[in-house]
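Enquirer: Sharing run29.pdb below, PDB, N, CA, C and O atoms:
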```pdb
ATOM      1  N   MET K   1       0.851  -1.176   0.000
ATOM      2  CA  MET K   1       0.000   0.000   0.000
ATOM      3  C   MET K   1       0.897   1.239   0.000
ATOM      4  O   MET K   1       1.748   1.393   0.855
ATOM      5  N   GLY K   2       0.704   2.107  -0.968
ATOM      6  CA  GLY K   2       1.494   3.327  -1.067
ATOM      7  C   GLY K   2       0.969   4.411  -0.152
ATOM      8  O   GLY K   2      -0.082   4.277   0.481
ATOM      9  N   ARG K   3       1.695   5.499  -0.089
ATOM     10  CA  ARG K   3       1.293   6.609   0.777
ATOM     11  C   ARG K   3      -0.044   7.203   0.372
ATOM     12  O   ARG K   3      -0.858   7.551   1.214
ATOM     13  N   ALA K   4      -0.272   7.346  -0.935
ATOM     14  CA  ALA K   4      -1.539   7.926  -1.392
ATOM     15  C   ALA K   4      -2.715   7.065  -0.950
ATOM     16  O   ALA K   4      -3.736   7.586  -0.503
ATOM     17  N   GLU K   5      -2.583   5.748  -1.057
ATOM     18  CA  GLU K   5      -3.663   4.860  -0.638
ATOM     19  C   GLU K   5      -3.824   4.863   0.871
ATOM     20  O   GLU K   5      -4.922   4.783   1.396
ATOM     21  N   GLN K   6      -2.717   4.957   1.574
ATOM     22  CA  GLN K   6      -2.758   4.909   3.035
ATOM     23  C   GLN K   6      -3.452   6.140   3.605
ATOM     24  O   GLN K   6      -4.241   6.054   4.521
ATOM     25  N   TRP K   7      -3.159   7.316   3.058
ATOM     26  CA  TRP K   7      -3.676   8.557   3.622
ATOM     27  C   TRP K   7      -4.799   9.161   2.803
ATOM     28  O   TRP K   7      -5.319  10.212   3.117
ATOM     29  N   GLY K   8      -5.181   8.523   1.727
ATOM     30  CA  GLY K   8      -6.223   9.065   0.870
ATOM     31  C   GLY K   8      -5.633   9.991  -0.177
ATOM     32  O   GLY K   8      -4.502  10.441  -0.074
ATOM     33  N   SER K   9      -6.411  10.284  -1.177
ATOM     34  CA  SER K   9      -5.890  11.071  -2.294
ATOM     35  C   SER K   9      -5.731  12.543  -1.947
ATOM     36  O   SER K   9      -5.047  13.276  -2.647
ATOM     37  N   ARG K  10      -6.347  13.019  -0.880
ATOM     38  CA  ARG K  10      -6.270  14.433  -0.531
ATOM     39  C   ARG K  10      -4.952  14.804   0.133
ATOM     40  O   ARG K  10      -4.641  15.970   0.282
ATOM     41  N   GLY K  11      -4.172  13.833   0.554
ATOM     42  CA  GLY K  11      -2.932  14.129   1.257
ATOM     43  C   GLY K  11      -3.182  14.295   2.750
ATOM     44  O   GLY K  11      -4.278  14.064   3.239
ATOM     45  N   VAL K  12      -2.169  14.701   3.458
ATOM     46  CA  VAL K  12      -2.249  14.846   4.908
ATOM     47  C   VAL K  12      -1.906  16.276   5.259
ATOM     48  O   VAL K  12      -0.933  16.833   4.746
ATOM     49  N   SER K  13      -2.683  16.859   6.152
ATOM     50  CA  SER K  13      -2.411  18.240   6.555
ATOM     51  C   SER K  13      -1.185  18.290   7.463
ATOM     52  O   SER K  13      -0.784  17.281   8.058
ATOM     53  N   ALA K  14      -0.632  19.459   7.579
ATOM     54  CA  ALA K  14       0.532  19.647   8.457
ATOM     55  C   ALA K  14       0.167  19.310   9.905
ATOM     56  O   ALA K  14       0.965  18.708  10.627
ATOM     57  N   GLU K  15      -1.035  19.676  10.316
ATOM     58  CA  GLU K  15      -1.470  19.382  11.684
ATOM     59  C   GLU K  15      -1.531  17.878  11.944
ATOM     60  O   GLU K  15      -1.143  17.409  13.010
ATOM     61  N   GLU K  16      -2.017  17.127  10.941
ATOM     62  CA  GLU K  16      -2.075  15.676  11.087
ATOM     63  C   GLU K  16      -0.673  15.078  11.177
ATOM     64  O   GLU K  16      -0.425  14.164  11.971
ATOM     65  N   LEU K  17       0.240  15.587  10.357
ATOM     66  CA  LEU K  17       1.618  15.079  10.408
ATOM     67  C   LEU K  17       2.263  15.367  11.755
ATOM     68  O   LEU K  17       2.943  14.509  12.325
ATOM     69  N   VAL K  18       2.037  16.559  12.286
ATOM     70  CA  VAL K  18       2.599  16.908  13.595
ATOM     71  C   VAL K  18       2.011  16.003  14.676
ATOM     72  O   VAL K  18       2.730  15.501  15.541
ATOM     73  N   ALA K  19       0.715  15.767  14.626
ATOM     74  CA  ALA K  19       0.073  14.897  15.622
ATOM     75  C   ALA K  19       0.627  13.478  15.544
ATOM     76  O   ALA K  19       0.908  12.856  16.578
ATOM     77  N   ARG K  20       0.826  12.973  14.334
ATOM     78  CA  ARG K  20       1.393  11.625  14.186
ATOM     79  C   ARG K  20       2.825  11.573  14.696
ATOM     80  O   ARG K  20       3.235  10.606  15.333
ATOM     81  N   HIS K  21       3.577  12.609  14.402
ATOM     82  CA  HIS K  21       4.977  12.653  14.840
ATOM     83  C   HIS K  21       5.070  12.668  16.357
ATOM     84  O   HIS K  21       5.886  11.973  16.958
ATOM     85  N   ARG K  22       4.235  13.445  17.003
ATOM     86  CA  ARG K  22       4.258  13.536  18.471
ATOM     87  C   ARG K  22       3.811  12.241  19.127
ATOM     88  O   ARG K  22       4.173  11.966  20.268
ATOM     89  N   ALA K  23       3.037  11.442  18.422
ATOM     90  CA  ALA K  23       2.545  10.182  18.973
ATOM     91  C   ALA K  23       3.575   9.055  18.860
ATOM     92  O   ALA K  23       3.387   7.995  19.453
ATOM     93  N   LEU K  24       4.659   9.272  18.129
ATOM     94  CA  LEU K  24       5.678   8.238  17.983
ATOM     95  C   LEU K  24       6.380   7.983  19.309
ATOM     96  O   LEU K  24       6.501   8.885  20.142
ATOM     97  N   PRO K  25       6.854   6.757  19.537
ATOM     98  CA  PRO K  25       7.564   6.475  20.786
ATOM     99  C   PRO K  25       8.883   7.247  20.849
ATOM    100  O   PRO K  25       9.518   7.515  19.827
ATOM    101  N   LYS K  26       9.280   7.615  22.049
ATOM    102  CA  LYS K  26      10.542   8.329  22.255
ATOM    103  C   LYS K  26      11.704   7.345  22.092
ATOM    104  O   LYS K  26      11.570   6.152  22.359
ATOM    105  N   VAL K  27      12.849   7.860  21.675
ATOM    106  CA  VAL K  27      14.037   7.035  21.467
ATOM    107  C   VAL K  27      15.013   7.277  22.599
ATOM    108  O   VAL K  27      15.321   8.421  22.936
ATOM    109  N   ASP K  28      15.479   6.210  23.217
ATOM    110  CA  ASP K  28      16.508   6.308  24.254
ATOM    111  C   ASP K  28      17.855   6.112  23.559
ATOM    112  O   ASP K  28      18.324   5.005  23.366
ATOM    113  N   TYR K  29      18.485   7.224  23.126
ATOM    114  CA  TYR K  29      19.702   7.098  22.331
ATOM    115  C   TYR K  29      20.874   6.570  23.132
ATOM    116  O   TYR K  29      21.782   5.960  22.580
ATOM    117  N   GLU K  30      20.879   6.764  24.466
ATOM    118  CA  GLU K  30      21.964   6.201  25.278
ATOM    119  C   GLU K  30      21.885   4.676  25.281
ATOM    120  O   GLU K  30      22.908   4.000  25.120
ATOM    121  N   LEU K  31      20.682   4.137  25.440
ATOM    122  CA  LEU K  31      20.498   2.686  25.389
ATOM    123  C   LEU K  31      20.828   2.152  24.004
ATOM    124  O   LEU K  31      21.504   1.128  23.862
ATOM    125  N   MET K  32      20.382   2.868  22.974
ATOM    126  CA  MET K  32      20.654   2.439  21.603
ATOM    127  C   MET K  32      22.162   2.409  21.336
ATOM    128  O   MET K  32      22.672   1.477  20.714
ATOM    129  N   ARG K  33      22.895   3.415  21.819
ATOM    130  CA  ARG K  33      24.350   3.443  21.623
ATOM    131  C   ARG K  33      25.022   2.294  22.374
ATOM    132  O   ARG K  33      25.919   1.639  21.843
ATOM    133  N   ARG K  34      24.590   2.028  23.609
ATOM    134  CA  ARG K  34      25.176   0.911  24.373
ATOM    135  C   ARG K  34      24.966  -0.414  23.652
ATOM    136  O   ARG K  34      25.883  -1.223  23.536
ATOM    137  N   GLU K  35      23.730  -0.628  23.192
ATOM    138  CA  GLU K  35      23.438  -1.880  22.488
ATOM    139  C   GLU K  35      24.245  -1.986  21.190
ATOM    140  O   GLU K  35      24.740  -3.056  20.848
ATOM    141  N   THR K  36      24.392  -0.877  20.497
ATOM    142  CA  THR K  36      25.166  -0.871  19.258
ATOM    143  C   THR K  36      26.636  -1.149  19.543
ATOM    144  O   THR K  36      27.288  -1.913  18.830
ATOM    145  N   ASP K  37      27.177  -0.521  20.598
ATOM    146  CA  ASP K  37      28.572  -0.765  20.973
ATOM    147  C   ASP K  37      28.804  -2.223  21.350
ATOM    148  O   ASP K  37      29.838  -2.800  21.017
ATOM    149  N   GLU K  38      27.835  -2.834  22.043
ATOM    150  CA  GLU K  38      27.971  -4.242  22.417
ATOM    151  C   GLU K  38      27.994  -5.126  21.169
ATOM    152  O   GLU K  38      28.748  -6.094  21.107
ATOM    153  N   PHE K  39      27.206  -4.778  20.181
ATOM    154  CA  PHE K  39      27.105  -5.605  18.987
ATOM    155  C   PHE K  39      28.250  -5.358  18.016
ATOM    156  O   PHE K  39      28.872  -6.304  17.519
ATOM    157  N   PHE K  40      28.555  -4.079  17.731
ATOM    158  CA  PHE K  40      29.541  -3.745  16.715
ATOM    159  C   PHE K  40      30.914  -3.386  17.279
ATOM    160  O   PHE K  40      31.892  -3.364  16.550
ATOM    161  N   GLY K  41      30.983  -3.039  18.555
ATOM    162  CA  GLY K  41      32.235  -2.551  19.126
ATOM    163  C   GLY K  41      32.337  -1.048  18.927
ATOM    164  O   GLY K  41      31.474  -0.416  18.324
ATOM    165  N   THR K  42      33.426  -0.466  19.424
ATOM    166  CA  THR K  42      33.573   0.994  19.365
ATOM    167  C   THR K  42      34.750   1.438  18.503
ATOM    168  O   THR K  42      35.004   2.627  18.389
ATOM    169  N   GLU K  43      35.458   0.509  17.895
ATOM    170  CA  GLU K  43      36.670   0.854  17.157
ATOM    171  C   GLU K  43      36.407   1.793  15.984
ATOM    172  O   GLU K  43      37.220   2.656  15.672
ATOM    173  N   ASP K  44      35.290   1.618  15.300
ATOM    174  CA  ASP K  44      35.014   2.379  14.079
ATOM    175  C   ASP K  44      34.165   3.625  14.312
ATOM    176  O   ASP K  44      33.799   4.302  13.366
ATOM    177  N   ARG K  45      33.845   3.930  15.555
ATOM    178  CA  ARG K  45      32.983   5.076  15.816
ATOM    179  C   ARG K  45      33.692   6.366  15.443
ATOM    180  O   ARG K  45      34.860   6.563  15.740
ATOM    181  N   ILE K  46      32.983   7.259  14.792
ATOM    182  CA  ILE K  46      33.571   8.508  14.324
ATOM    183  C   ILE K  46      33.691   9.515  15.454
ATOM    184  O   ILE K  46      34.703  10.160  15.624
ATOM    185  N   GLY K  47      32.638   9.686  16.244
ATOM    186  CA  GLY K  47      32.651  10.682  17.314
ATOM    187  C   GLY K  47      32.571  10.037  18.679
ATOM    188  O   GLY K  47      32.098   8.927  18.834
ATOM    189  N   ASP K  48      33.059  10.746  19.693
ATOM    190  CA  ASP K  48      33.026  10.209  21.050
ATOM    191  C   ASP K  48      32.064  10.964  21.951
ATOM    192  O   ASP K  48      32.015  10.722  23.137
ATOM    193  N   GLY K  49      31.300  11.905  21.410
ATOM    194  CA  GLY K  49      30.376  12.682  22.223
ATOM    195  C   GLY K  49      29.298  11.817  22.842
ATOM    196  O   GLY K  49      28.967  10.746  22.351
ATOM    197  N   ASP K  50      28.741  12.288  23.932
ATOM    198  CA  ASP K  50      27.680  11.550  24.601
ATOM    199  C   ASP K  50      26.362  11.628  23.840
ATOM    200  O   ASP K  50      25.546  10.732  23.907
ATOM    201  N   ASP K  51      26.151  12.729  23.130
ATOM    202  CA  ASP K  51      24.906  12.934  22.417
ATOM    203  C   ASP K  51      25.152  12.843  20.911
ATOM    204  O   ASP K  51      25.686  13.770  20.313
ATOM    205  N   PRO K  52      24.758  11.740  20.273
ATOM    206  CA  PRO K  52      25.018  11.592  18.845
ATOM    207  C   PRO K  52      24.221  12.567  17.988
ATOM    208  O   PRO K  52      24.530  12.774  16.831
ATOM    209  N   TRP K  53      23.209  13.205  18.550
ATOM    210  CA  TRP K  53      22.359  14.117  17.786
ATOM    211  C   TRP K  53      22.755  15.569  18.001
ATOM    212  O   TRP K  53      22.176  16.457  17.401
ATOM    213  N   GLU K  54      23.725  15.837  18.850
ATOM    214  CA  GLU K  54      24.147  17.203  19.111
ATOM    215  C   GLU K  54      24.808  17.798  17.870
ATOM    216  O   GLU K  54      25.663  17.192  17.255
ATOM    217  N   ARG K  55      24.394  19.001  17.536
ATOM    218  CA  ARG K  55      24.950  19.673  16.363
ATOM    219  C   ARG K  55      26.127  20.553  16.792
ATOM    220  O   ARG K  55      26.033  21.270  17.770
ATOM    221  N   THR K  56      27.200  20.458  16.059
ATOM    222  CA  THR K  56      28.374  21.276  16.384
ATOM    223  C   THR K  56      28.448  22.519  15.536
ATOM    224  O   THR K  56      29.244  23.403  15.825
ATOM    225  N   ARG K  57      27.630  22.582  14.482
ATOM    226  CA  ARG K  57      27.615  23.734  13.595
ATOM    227  C   ARG K  57      26.179  24.135  13.320
ATOM    228  O   ARG K  57      25.264  23.333  13.441
ATOM    229  N   GLY K  58      26.025  25.405  12.884
ATOM    230  CA  GLY K  58      24.774  25.966  12.374
ATOM    231  C   GLY K  58      23.583  25.365  12.890
ATOM    232  O   GLY K  58      22.573  25.123  12.872
TER     233      GLY K  58
END
```
Please go through the file and, once you have read it, give me the structure as structure tokens.
Expert:
Amino acid sequence: MGRAEQWGSRGVSAEELVARHRALPKVDYELMRRETDEFFGTEDRIGDGDDPWERTRG
């Protein structure tokens, strides 16, 4: 089923998209990083920051 069929031919309003986005489960990035490190190791990691989503520029 494509997006048009899923949401109807009229599309989705911005308000509906925001409501759907807010209803998504929260991500525990610290847990995700720990699990990833356990599985893949840490040798190839590019950054060492605690917050992988932190922006360093602009």
Enquirer: Would you work out the distance separating atom CA of K:Thr42 from atom O of K:Leu24, expressed in Å to one decimal?
Expert: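 One can read the atom CA of K:Thr42 to atom O of K:Leu24 distance as 28.2 Å.
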Enquirer: Just to confirm, what's the straight-line distance from atom N of K:Asp44 to atom O of K:Tyr29 in Å (one decimal)?
Expert: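 Between these atoms lies a distance of 15.9 Å.
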Enquirer: Do you have the atom N of K:Arg33-atom C of K:Arg45 distance handy?
Expert: 12.9 Å
Enquirer: Run DSSP on the backbone of this structure and report the residues of stretch 10-52 of chain K it assigns to alpha helix (DSSP H), as an NGL selection string.
Expert: :K and (14-23 or 29-40)
